[in-house]
$ cat structure_33.csv   # CSV, C-alpha atoms
chain,number,residue,atom,x,y,z
A,34,MET,CA,108.4,175.4,159.6
A,35,GLY,CA,104.8,174.1,160.2
A,36,GLY,CA,104.2,173.8,156.4
A,37,ALA,CA,107.3,171.7,155.9
A,38,SER,CA,106.4,169.2,158.7
A,39,LYS,CA,103.0,168.6,157.0
A,40,GLY,CA,104.6,167.6,153.6
A,41,ALA,CA,107.1,165.1,155.0
A,42,PRO,CA,104.6,162.1,155.5
A,43,LEU,CA,103.3,162.6,152.0
A,44,ARG,CA,106.8,162.3,150.5
A,45,LEU,CA,107.6,159.3,152.6
A,46,SER,CA,104.4,157.5,151.4
A,47,ARG,CA,105.3,158.0,147.8
A,48,ALA,CA,108.8,156.7,148.3
A,49,GLN,CA,107.4,153.5,149.9
A,50,GLN,CA,105.0,153.0,147.0
A,51,ALA,CA,107.9,153.3,144.5
A,52,LYS,CA,110.0,150.8,146.4
A,53,SER,CA,107.1,148.4,146.5
A,54,SER,CA,106.5,148.7,142.7
A,55,MET,CA,110.2,148.0,142.1
A,56,THR,CA,110.1,144.9,144.2
A,57,SER,CA,107.1,143.6,142.3
A,58,LEU,CA,108.8,144.3,139.0
A,59,LEU,CA,111.9,142.4,140.1
A,60,LEU,CA,109.9,139.4,141.3
A,61,LEU,CA,108.0,139.4,137.9
A,62,MET,CA,111.3,139.4,136.0
A,63,VAL,CA,112.7,136.6,138.1
A,64,SER,CA,109.5,134.5,137.5
A,65,LEU,CA,109.7,135.1,133.8
A,66,PHE,CA,113.4,134.1,133.7
A,67,ALA,CA,112.6,130.9,135.7
A,68,CYS,CA,109.8,130.0,133.2
A,69,PHE,CA,112.1,130.5,130.2
A,70,TYR,CA,114.9,128.5,131.9
A,71,THR,CA,112.5,125.6,132.7
A,72,ALA,CA,111.0,125.5,129.2
A,73,GLY,CA,114.5,125.5,127.7
A,74,ARG,CA,115.6,122.6,129.8
A,75,LEU,CA,112.5,120.6,128.9
A,76,TRP,CA,113.1,121.2,125.2
A,77,GLN,CA,116.7,120.1,125.6
A,78,ASP,CA,115.6,116.9,127.3
A,79,ALA,CA,113.1,116.1,124.6
A,80,GLU,CA,115.7,116.8,121.9
A,81,MET,CA,118.2,114.6,123.7
A,82,ARG,CA,115.7,111.7,123.9
A,83,TYR,CA,115.0,112.0,120.2
A,84,LEU,CA,118.8,111.8,119.5
A,85,LEU,CA,119.1,108.8,121.8
A,86,VAL,CA,116.3,106.9,120.0
A,87,GLY,CA,117.9,107.7,116.6
A,88,ASN,CA,121.3,106.4,117.8
A,89,SER,CA,119.7,103.2,119.2
A,90,GLU,CA,118.1,102.5,115.8
A,91,LYS,CA,121.5,103.1,114.1
A,92,ARG,CA,123.2,100.7,116.5
A,93,PHE,CA,120.5,98.1,115.9
A,94,HIS,CA,121.3,98.0,112.2
A,95,GLN,CA,125.0,98.3,112.7
A,96,ASP,CA,125.0,95.3,115.1
A,97,GLY,CA,123.5,93.1,112.5
A,98,GLY,CA,119.9,93.4,113.5
A,99,SER,CA,120.1,91.9,117.0
A,100,LEU,CA,116.6,91.8,118.6
A,101,SER,CA,115.5,92.9,122.0
A,102,VAL,CA,113.3,90.7,124.2
A,103,ASP,CA,110.2,92.6,123.2
A,104,GLU,CA,111.1,92.4,119.5
A,105,THR,CA,111.8,88.7,119.8
A,106,LEU,CA,108.4,88.2,121.4
A,107,LYS,CA,106.8,90.1,118.5
A,108,LEU,CA,108.5,87.9,116.0
A,109,LEU,CA,107.3,84.8,117.8
A,110,ASP,CA,103.8,86.2,117.8
A,111,CYS,CA,104.0,86.7,114.0
A,112,LYS,CA,104.9,83.0,113.6
A,113,ASP,CA,102.0,82.0,115.8
A,114,GLN,CA,99.7,84.1,113.7
A,115,GLN,CA,101.0,82.4,110.5
A,116,LYS,CA,100.2,79.0,112.1
A,117,ARG,CA,96.7,80.2,113.0
A,118,LEU,CA,96.2,81.4,109.4
A,119,THR,CA,97.0,77.9,108.1
A,120,GLU,CA,94.5,76.5,110.6
A,121,ALA,CA,91.9,79.0,109.4
A,122,GLU,CA,92.5,77.9,105.8
A,123,LEU,CA,91.6,74.4,106.8
A,124,GLU,CA,88.4,75.6,108.5
A,125,LEU,CA,87.4,77.7,105.5
A,126,ALA,CA,85.2,75.0,103.9
A,127,ALA,CA,83.3,74.6,107.2
A,128,ALA,CA,81.9,78.1,106.8
A,129,LYS,CA,80.3,77.1,103.5
A,130,SER,CA,78.2,74.4,105.1
A,131,LYS,CA,76.8,77.1,107.5
A,132,GLY,CA,75.7,79.4,104.8
A,133,TYR,CA,78.8,81.6,104.4
A,134,VAL,CA,78.8,83.9,101.3
A,135,SER,CA,81.8,86.0,100.4
A,136,LYS,CA,81.1,89.8,100.7
A,137,TYR,CA,83.7,90.5,98.1
A,138,GLY,CA,81.7,89.4,95.2
A,139,VAL,CA,82.5,86.8,92.6
A,140,SER,CA,85.9,86.2,91.1
A,141,SER,CA,86.4,85.5,87.4
A,142,ASN,CA,87.2,81.9,88.1
A,143,GLY,CA,83.7,81.0,89.2
A,144,THR,CA,80.8,80.1,87.0
A,145,ALA,CA,78.9,82.5,84.7
A,146,ALA,CA,76.1,82.6,87.3
A,147,GLY,CA,78.6,83.8,89.9
A,148,HIS,CA,78.7,80.7,92.1
A,149,ARG,CA,81.7,78.6,93.3
A,150,LEU,CA,82.6,75.8,90.9
A,151,HIS,CA,81.6,72.3,91.8
A,152,ALA,CA,84.9,70.6,90.9
A,153,VAL,CA,88.2,71.0,89.1
A,154,VAL,CA,89.3,67.7,87.4
A,155,GLY,CA,93.0,67.5,86.5
A,156,VAL,CA,93.8,64.8,84.0
A,157,MET,CA,97.5,63.9,84.2
A,158,THR,CA,98.7,63.4,80.7
A,159,SER,CA,102.1,63.2,78.8
A,160,PHE,CA,103.5,64.2,75.4
A,161,GLY,CA,102.7,60.8,73.8
A,162,SER,CA,99.1,60.5,75.0
A,163,LEU,CA,97.2,62.3,72.2
A,164,SER,CA,94.9,59.3,71.5
A,165,ARG,CA,94.0,59.1,75.2
A,166,ARG,CA,93.1,62.8,75.3
A,167,GLU,CA,90.9,62.4,72.2
A,168,ALA,CA,89.1,59.5,73.8
A,169,ILE,CA,88.5,61.6,77.0
A,170,ARG,CA,87.3,64.6,75.0
A,171,LYS,CA,84.8,62.4,73.3
A,172,ASN,CA,83.5,60.7,76.4
A,173,LEU,CA,83.6,63.5,79.0
A,174,MET,CA,81.9,66.2,77.0
A,175,PRO,CA,78.1,65.8,76.7
A,176,SER,CA,77.0,65.8,73.0
A,177,GLY,CA,76.8,69.3,71.5
A,178,THR,CA,78.2,71.2,74.4
A,179,THR,CA,81.5,73.0,74.6
A,180,LEU,CA,84.1,73.1,77.4
A,181,GLN,CA,82.9,76.5,78.6
A,182,GLU,CA,79.2,75.3,78.7
A,183,LEU,CA,80.3,72.4,80.8
A,184,GLU,CA,81.8,74.8,83.3
A,185,ASP,CA,78.8,77.1,83.3
A,186,ASN,CA,76.1,74.5,83.4
A,187,LYS,CA,77.6,71.9,85.6
A,188,GLY,CA,80.3,73.9,87.5
A,189,ILE,CA,83.0,71.4,86.5
A,190,VAL,CA,86.3,72.4,85.0
A,191,ILE,CA,88.4,69.7,83.2
A,192,ARG,CA,92.0,70.3,82.2
A,193,PHE,CA,94.8,68.1,80.9
A,194,VAL,CA,97.7,68.7,83.2
A,195,ILE,CA,101.2,68.6,81.6
A,196,GLY,CA,104.6,70.1,82.2
A,197,ARG,CA,107.3,71.3,79.8
A,198,SER,CA,110.0,69.2,78.1
A,199,ALA,CA,113.6,69.1,79.5
A,200,ASN,CA,114.6,70.9,76.3
A,201,GLY,CA,112.2,73.8,76.7
A,202,GLY,CA,110.6,74.9,73.5
A,203,ASP,CA,111.3,71.8,71.5
A,204,MET,CA,108.8,69.9,69.2
A,205,SER,CA,107.0,68.3,72.1
A,206,ASP,CA,106.2,71.7,73.7
A,207,LYS,CA,105.2,73.2,70.3
A,208,GLN,CA,102.8,70.2,69.6
A,209,ILE,CA,101.1,70.7,73.0
A,210,ASP,CA,100.8,74.5,72.4
A,211,ARG,CA,99.2,73.9,69.0
A,212,GLU,CA,96.8,71.3,70.5
A,213,ASN,CA,95.9,73.7,73.3
A,214,SER,CA,95.3,76.6,70.8
A,215,ASP,CA,92.6,74.4,69.2
A,216,THR,CA,91.0,72.9,72.4
A,217,ASN,CA,91.9,75.3,75.2
A,218,ASP,CA,91.7,72.5,77.7
A,219,PHE,CA,95.3,72.3,79.1
A,220,LEU,CA,96.7,73.3,82.4
A,221,ILE,CA,100.4,73.7,81.5
A,222,LEU,CA,102.8,73.6,84.5
A,223,GLY,CA,105.6,75.8,83.3
A,224,ASP,CA,107.8,75.1,86.3
A,225,HIS,CA,107.6,71.3,86.0
A,226,VAL,CA,109.8,69.1,83.7
A,227,GLU,CA,107.5,66.4,82.3
A,228,SER,CA,108.8,63.0,83.4
A,229,ASP,CA,107.4,59.6,84.5
A,230,ASP,CA,109.8,59.7,87.4
A,231,ASN,CA,108.6,62.9,88.9
A,232,LEU,CA,104.8,62.4,89.2
A,233,THR,CA,104.7,63.4,92.9
A,234,HIS,CA,106.1,66.9,92.2
A,235,LYS,CA,103.7,67.2,89.3
A,236,THR,CA,100.7,66.3,91.4
A,237,LYS,CA,101.7,68.7,94.2
A,238,LEU,CA,102.2,71.5,91.7
A,239,TYR,CA,98.8,70.7,90.1
A,240,PHE,CA,96.9,71.0,93.3
A,241,SER,CA,98.7,74.2,94.2
A,242,THR,CA,98.1,75.8,90.8
A,243,ALA,CA,94.5,74.6,90.6
A,244,VAL,CA,93.4,75.9,94.0
A,245,GLU,CA,95.0,79.3,93.1
A,246,SER,CA,93.4,79.4,89.7
A,247,TRP,CA,89.8,78.2,90.4
A,248,ASP,CA,87.5,78.6,93.3
A,249,ALA,CA,85.9,75.1,93.7
A,250,ASP,CA,84.5,72.7,96.3
A,251,PHE,CA,86.6,69.8,95.2
A,252,TYR,CA,89.8,69.2,93.3
A,253,LEU,CA,90.4,65.8,91.6
A,254,LYS,CA,93.4,64.1,90.1
A,255,VAL,CA,92.7,61.5,87.3
A,256,ASP,CA,95.0,59.5,85.1
A,257,ASP,CA,94.6,59.9,81.4
A,258,ASN,CA,93.7,56.2,80.9
A,259,ILE,CA,90.6,56.7,82.9
A,260,LEU,CA,87.1,57.5,81.5
A,261,VAL,CA,84.8,59.4,83.9
A,262,ASN,CA,81.0,59.7,84.0
A,263,ILE,CA,80.7,63.4,84.8
A,264,ASP,CA,77.1,63.3,85.9
A,265,LYS,CA,77.7,60.4,88.3
A,266,LEU,CA,80.8,62.1,89.6
A,267,GLY,CA,78.9,65.3,90.3
A,268,VAL,CA,76.2,63.4,92.3
A,269,MET,CA,78.9,61.6,94.3
A,270,LEU,CA,80.7,64.8,95.2
A,271,ALA,CA,77.5,66.6,96.1
A,272,SER,CA,76.9,64.0,98.8
A,273,HIS,CA,80.1,65.2,100.6
A,274,TRP,CA,79.4,68.9,100.5
A,275,ASP,CA,79.0,69.0,104.3
A,276,LYS,CA,82.5,67.7,105.0
A,277,PRO,CA,85.0,70.4,105.2
A,278,ARG,CA,88.1,68.2,105.0
A,279,VAL,CA,87.4,65.0,103.0
A,280,TYR,CA,89.7,62.7,101.0
A,281,ILE,CA,87.7,60.5,98.6
A,282,GLY,CA,89.0,57.6,96.6
A,283,CYS,CA,89.5,53.8,96.3
A,284,MET,CA,91.4,53.3,99.5
A,285,LYS,CA,94.1,50.7,99.7
A,286,SER,CA,97.3,49.8,101.6
A,287,GLY,CA,99.7,47.5,99.9
A,288,GLU,CA,103.2,46.2,100.5
A,289,VAL,CA,106.1,48.7,100.5
A,290,ILE,CA,108.3,47.7,97.6
A,291,SER,CA,112.0,47.6,98.6
A,292,ASP,CA,113.3,45.7,95.5
A,293,PRO,CA,115.0,48.3,93.2
A,294,ASN,CA,114.2,46.0,90.2
A,295,ALA,CA,110.4,45.7,90.9
A,296,GLN,CA,107.6,48.0,89.7
A,297,TRP,CA,106.5,50.6,92.2
A,298,TYR,CA,109.8,50.5,94.0
A,299,GLU,CA,110.0,53.0,96.9
A,300,PRO,CA,113.6,54.2,97.4
A,301,GLU,CA,112.7,55.4,100.9
A,302,TRP,CA,111.0,52.1,101.9
A,303,TRP,CA,112.9,52.1,105.3
A,304,ARG,CA,110.7,55.1,106.4
A,305,PHE,CA,107.8,52.7,106.6
A,306,GLY,CA,109.5,50.1,108.8
A,307,GLU,CA,111.2,46.9,108.1
A,308,GLN,CA,111.0,45.1,104.8
A,309,LYS,CA,107.6,43.6,103.9
A,310,SER,CA,105.9,46.6,105.7
A,311,GLU,CA,102.7,48.0,104.4
A,312,TYR,CA,101.8,51.5,103.4
A,313,HIS,CA,99.4,53.7,105.3
A,314,ARG,CA,95.9,53.9,104.0
A,315,HIS,CA,95.7,56.0,100.8
A,316,ALA,CA,93.6,56.4,97.7
A,317,ALA,CA,94.6,54.6,94.5
A,318,GLY,CA,96.3,57.0,92.1
A,319,GLN,CA,93.9,56.4,89.2
A,320,MET,CA,91.4,58.9,90.6
A,321,TYR,CA,90.8,60.6,93.9
A,322,ALA,CA,89.3,63.9,95.2
A,323,LEU,CA,90.3,66.4,97.8
A,324,SER,CA,88.0,69.1,99.3
A,325,ARG,CA,89.0,72.7,98.9
A,326,ALA,CA,90.6,73.0,102.4
A,327,LEU,CA,92.9,70.1,101.8
A,328,ALA,CA,94.0,71.4,98.4
A,329,GLN,CA,94.7,74.7,100.1
A,330,TYR,CA,96.8,72.9,102.7
A,331,ILE,CA,99.0,71.4,100.0
A,332,SER,CA,99.4,74.8,98.3
A,333,ILE,CA,100.3,76.5,101.5
A,334,ASN,CA,102.7,73.9,102.7
A,335,SER,CA,104.1,72.5,99.4
A,336,ALA,CA,107.7,73.4,100.2
A,337,SER,CA,107.7,71.3,103.4
A,338,LEU,CA,105.7,68.3,102.2
A,339,HIS,CA,107.9,65.3,101.5
A,340,ASP,CA,107.8,63.6,98.1
A,341,TYR,CA,107.8,59.9,98.0
A,342,GLN,CA,108.4,58.0,94.7
A,343,ASN,CA,104.7,57.2,94.3
A,344,GLU,CA,102.4,60.2,94.1
A,345,ASP,CA,99.3,58.4,95.6
A,346,VAL,CA,101.4,57.3,98.6
A,347,SER,CA,102.7,60.9,99.0
A,348,VAL,CA,99.2,62.4,99.0
A,349,GLY,CA,98.1,59.9,101.6
A,350,ALA,CA,101.1,60.7,103.7
A,351,TRP,CA,100.3,64.4,103.5
A,352,MET,CA,96.9,63.7,104.9
A,353,LEU,CA,98.1,61.6,107.8
A,354,GLY,CA,98.7,64.4,110.3
A,355,LEU,CA,95.4,66.2,109.6
A,356,GLU,CA,91.9,65.9,110.9
A,357,VAL,CA,90.6,64.4,107.6
A,358,GLU,CA,87.7,62.1,106.8
A,359,LEU,CA,88.8,59.3,104.5
A,360,VAL,CA,86.0,58.1,102.3
A,361,ASP,CA,86.5,54.7,100.7
A,362,ASP,CA,84.2,54.9,97.7
A,363,ARG,CA,84.5,51.6,95.7
A,364,LYS,CA,82.9,53.3,92.7
A,365,LEU,CA,86.2,55.0,92.3
A,366,CYS,CA,88.0,51.7,91.9
A,367,CYS,CA,88.4,52.0,88.2
A,368,GLY,CA,88.5,48.5,86.9
A,369,ALA,CA,89.2,47.3,83.4
A,370,SER,CA,86.7,48.5,80.8
A,371,THR,CA,83.9,46.1,79.9
A,372,GLY,CA,82.2,48.5,77.6
A,373,TRP,CA,79.2,48.7,80.0
A,374,SER,CA,80.7,50.0,83.2
A,375,LEU,CA,79.8,53.7,82.7
A,376,LEU,CA,76.4,52.9,81.2
A,377,LEU,CA,75.5,50.8,84.2
A,378,GLY,CA,76.1,53.6,86.7
A,379,GLY,CA,79.8,53.4,87.4
A,380,ILE,CA,81.8,56.6,87.9
A,381,CYS,CA,85.0,55.5,86.1
A,382,THR,CA,86.6,52.8,84.0
A,383,THR,CA,89.9,52.3,82.3
A,384,GLN,CA,90.3,52.7,78.5

$ encode --input "structure_33.csv" --output "structure tokens"
Amino acid sequence: MGGASKGAPLRLSRAQQAKSSMTSLLLLMVSLFACFYTAGRLWQDAEMRYLLVGNSEKRFHQDGGSLSVDETLKLLDCKDQQKRLTEAELELAAAKSKGYVSKYGVSSNGTAAGHRLHAVVGVMTSFGSLSRREAIRKNLMPSGTTLQELEDNKGIVIRFVIGRSANGGDMSDKQIDRENSDTNDFLILGDHVESDDNLTHKTKLYFSTAVESWDADFYLKVDDNILVNIDKLGVMLASHWDKPRVYIGCMKSGEVISDPNAQWYEPEWWRFGEQKSEYHRHAAGQMYALSRALAQYISINSASLHDYQNEDVSVGAWMLGLEVELVDDRKLCCGASTGWSLLLGGICTTQ
């Protein structure tokens, strides 16, 4: 009896330990189950959010691309950035005067020495003006030099600017192509139909094409009945290097012609006021120069710039709303040729 009473507490202690271990195991299992359950719910929530986003994108496209407030604000910000880009283009030339040098190297449209060109001269010509072109080639090119040497040594590009005939590929176009194959001095505007009634479009397209084709400080428009002293022109332009937005020419402002039977008739004369009104100040169309930033402005905004009948009036109108310095240089008032004008220091004369 005594031995049995001694073993009872030992058996009771072992039973309590087994019960305690079972409880701990149950708690552990419950904890693990709770963890798995929580993780599963979180994964389901994440998957549901992913599906909701996908459905929202599908609804956006199905609803015709309606924009939320945030998306609308982003679109407006893009338009603001585009406006700032245009303003930056107009300030580009200012950096040059402060010693700016492009870190991207030299493009193929610079000079052989790797510098920006001084000027691009676009001579407006037509199909029946071969004799005028020959006279310009004789007078513009220094004796013994080629067109490429003029570009390399003086940094000045000269091109005859012409469009295509209304009957594309006819004899007029073929004659120009043959002439260009011999001289290589044409800028042919393939998207322009050559016509005396569409000079504003031709001038706009010229500036847009020239600024995209050549990297220069100045871009000039010259009529093909004008002879130019290239050396004097270069000196004059160099005096305006420090002006980022400059419009140089023989400035004038004449009467707006409202008579349909008169020369220089302006069909939209009423835009300038009552009859007998005067045009805004602008450079005479025989010859004028725009700095690089202004030519870029025309190129960037060509689709929204209004075309008046007279191209010189149109260019002056495009400059009106800009911070532009107008330079009235009387040496660019190309008068009738006396045979001595260019020899006596003039920049231009008529032929």

$ closest_atom_pairs --input "structure_33.csv" --of "range 234-303 of chain A" --to "range 309-326 of chain A" --cutoff "10 Å" --atoms "only C-alpha atoms" --output "tab-separated table"
residue	atom	partner	partner_atom	distance
A:Phe240	CA	A:Leu323	CA	9.2
A:Val244	CA	A:Arg325	CA	7.3
A:Asp248	CA	A:Arg325	CA	8.3
A:Ala249	CA	A:Arg325	CA	6.5
A:Asp250	CA	A:Arg325	CA	5.2
A:Phe251	CA	A:Ser324	CA	4.4
A:Tyr252	CA	A:Leu323	CA	5.3
A:Leu253	CA	A:Ala322	CA	4.2
A:Lys254	CA	A:Met320	CA	5.6
A:Val255	CA	A:Met320	CA	4.4
A:Asp256	CA	A:Gln319	CA	5.3
A:Asp257	CA	A:Gln319	CA	8.6
A:Asn258	CA	A:Gln319	CA	8.3
A:Ile259	CA	A:Gln319	CA	7.1
A:Val261	CA	A:Met320	CA	9.4
A:Leu270	CA	A:Ala322	CA	8.6
A:His273	CA	A:Ser324	CA	8.9
A:Trp274	CA	A:Ser324	CA	8.7
A:Lys276	CA	A:Ser324	CA	8.0
A:Pro277	CA	A:Ser324	CA	6.7
A:Arg278	CA	A:Ser324	CA	5.8
A:Val279	CA	A:Ser324	CA	5.6
A:Tyr280	CA	A:Leu323	CA	4.9
A:Ile281	CA	A:Ala322	CA	5.1
A:Gly282	CA	A:Tyr321	CA	4.4
A:Cys283	CA	A:Ala316	CA	5.1
A:Met284	CA	A:Ala316	CA	4.2
A:Lys285	CA	A:His315	CA	5.6
A:Ser286	CA	A:Arg314	CA	5.0
A:Gly287	CA	A:Glu311	CA	5.4
A:Glu288	CA	A:Glu311	CA	4.3
A:Val289	CA	A:Glu311	CA	5.2
A:Ile290	CA	A:Lys309	CA	7.5
A:Ser291	CA	A:Lys309	CA	8.0
A:Trp302	CA	A:Ser310	CA	8.4
A:Trp303	CA	A:Ser310	CA	8.9

$ residues_around --input "structure_33.csv" --residues "range 163-169 of chain A" --least-positions-apart "2" --cutoff "8 Å" --atoms "all atoms listed in the file" --output "tab-separated table (two decimals) with C-alpha atoms, in the coordinates of the input"
chain	number	residue	atom	x	y	z
A	158	THR	CA	98.70	63.40	80.70
A	160	PHE	CA	103.50	64.20	75.40
A	161	GLY	CA	102.70	60.80	73.80
A	171	LYS	CA	84.80	62.40	73.30
A	172	ASN	CA	83.50	60.70	76.40
A	173	LEU	CA	83.60	63.50	79.00
A	193	PHE	CA	94.80	68.10	80.90
A	257	ASP	CA	94.60	59.90	81.40
A	258	ASN	CA	93.70	56.20	80.90
A	259	ILE	CA	90.60	56.70	82.90
A	260	LEU	CA	87.10	57.50	81.50

$ atom_distance --input "structure_33.csv" --atom1 "CA of Glu344 in chain A" --atom2 "CA of His234 in chain A"
7.9 Å

$ closest_residue --input "structure_33.csv" --among "A:Ile380, A:Cys367, A:Leu327, A:Ile263" --to "Gly354 in chain A" --atoms "all atoms listed in the file"
A:Leu327
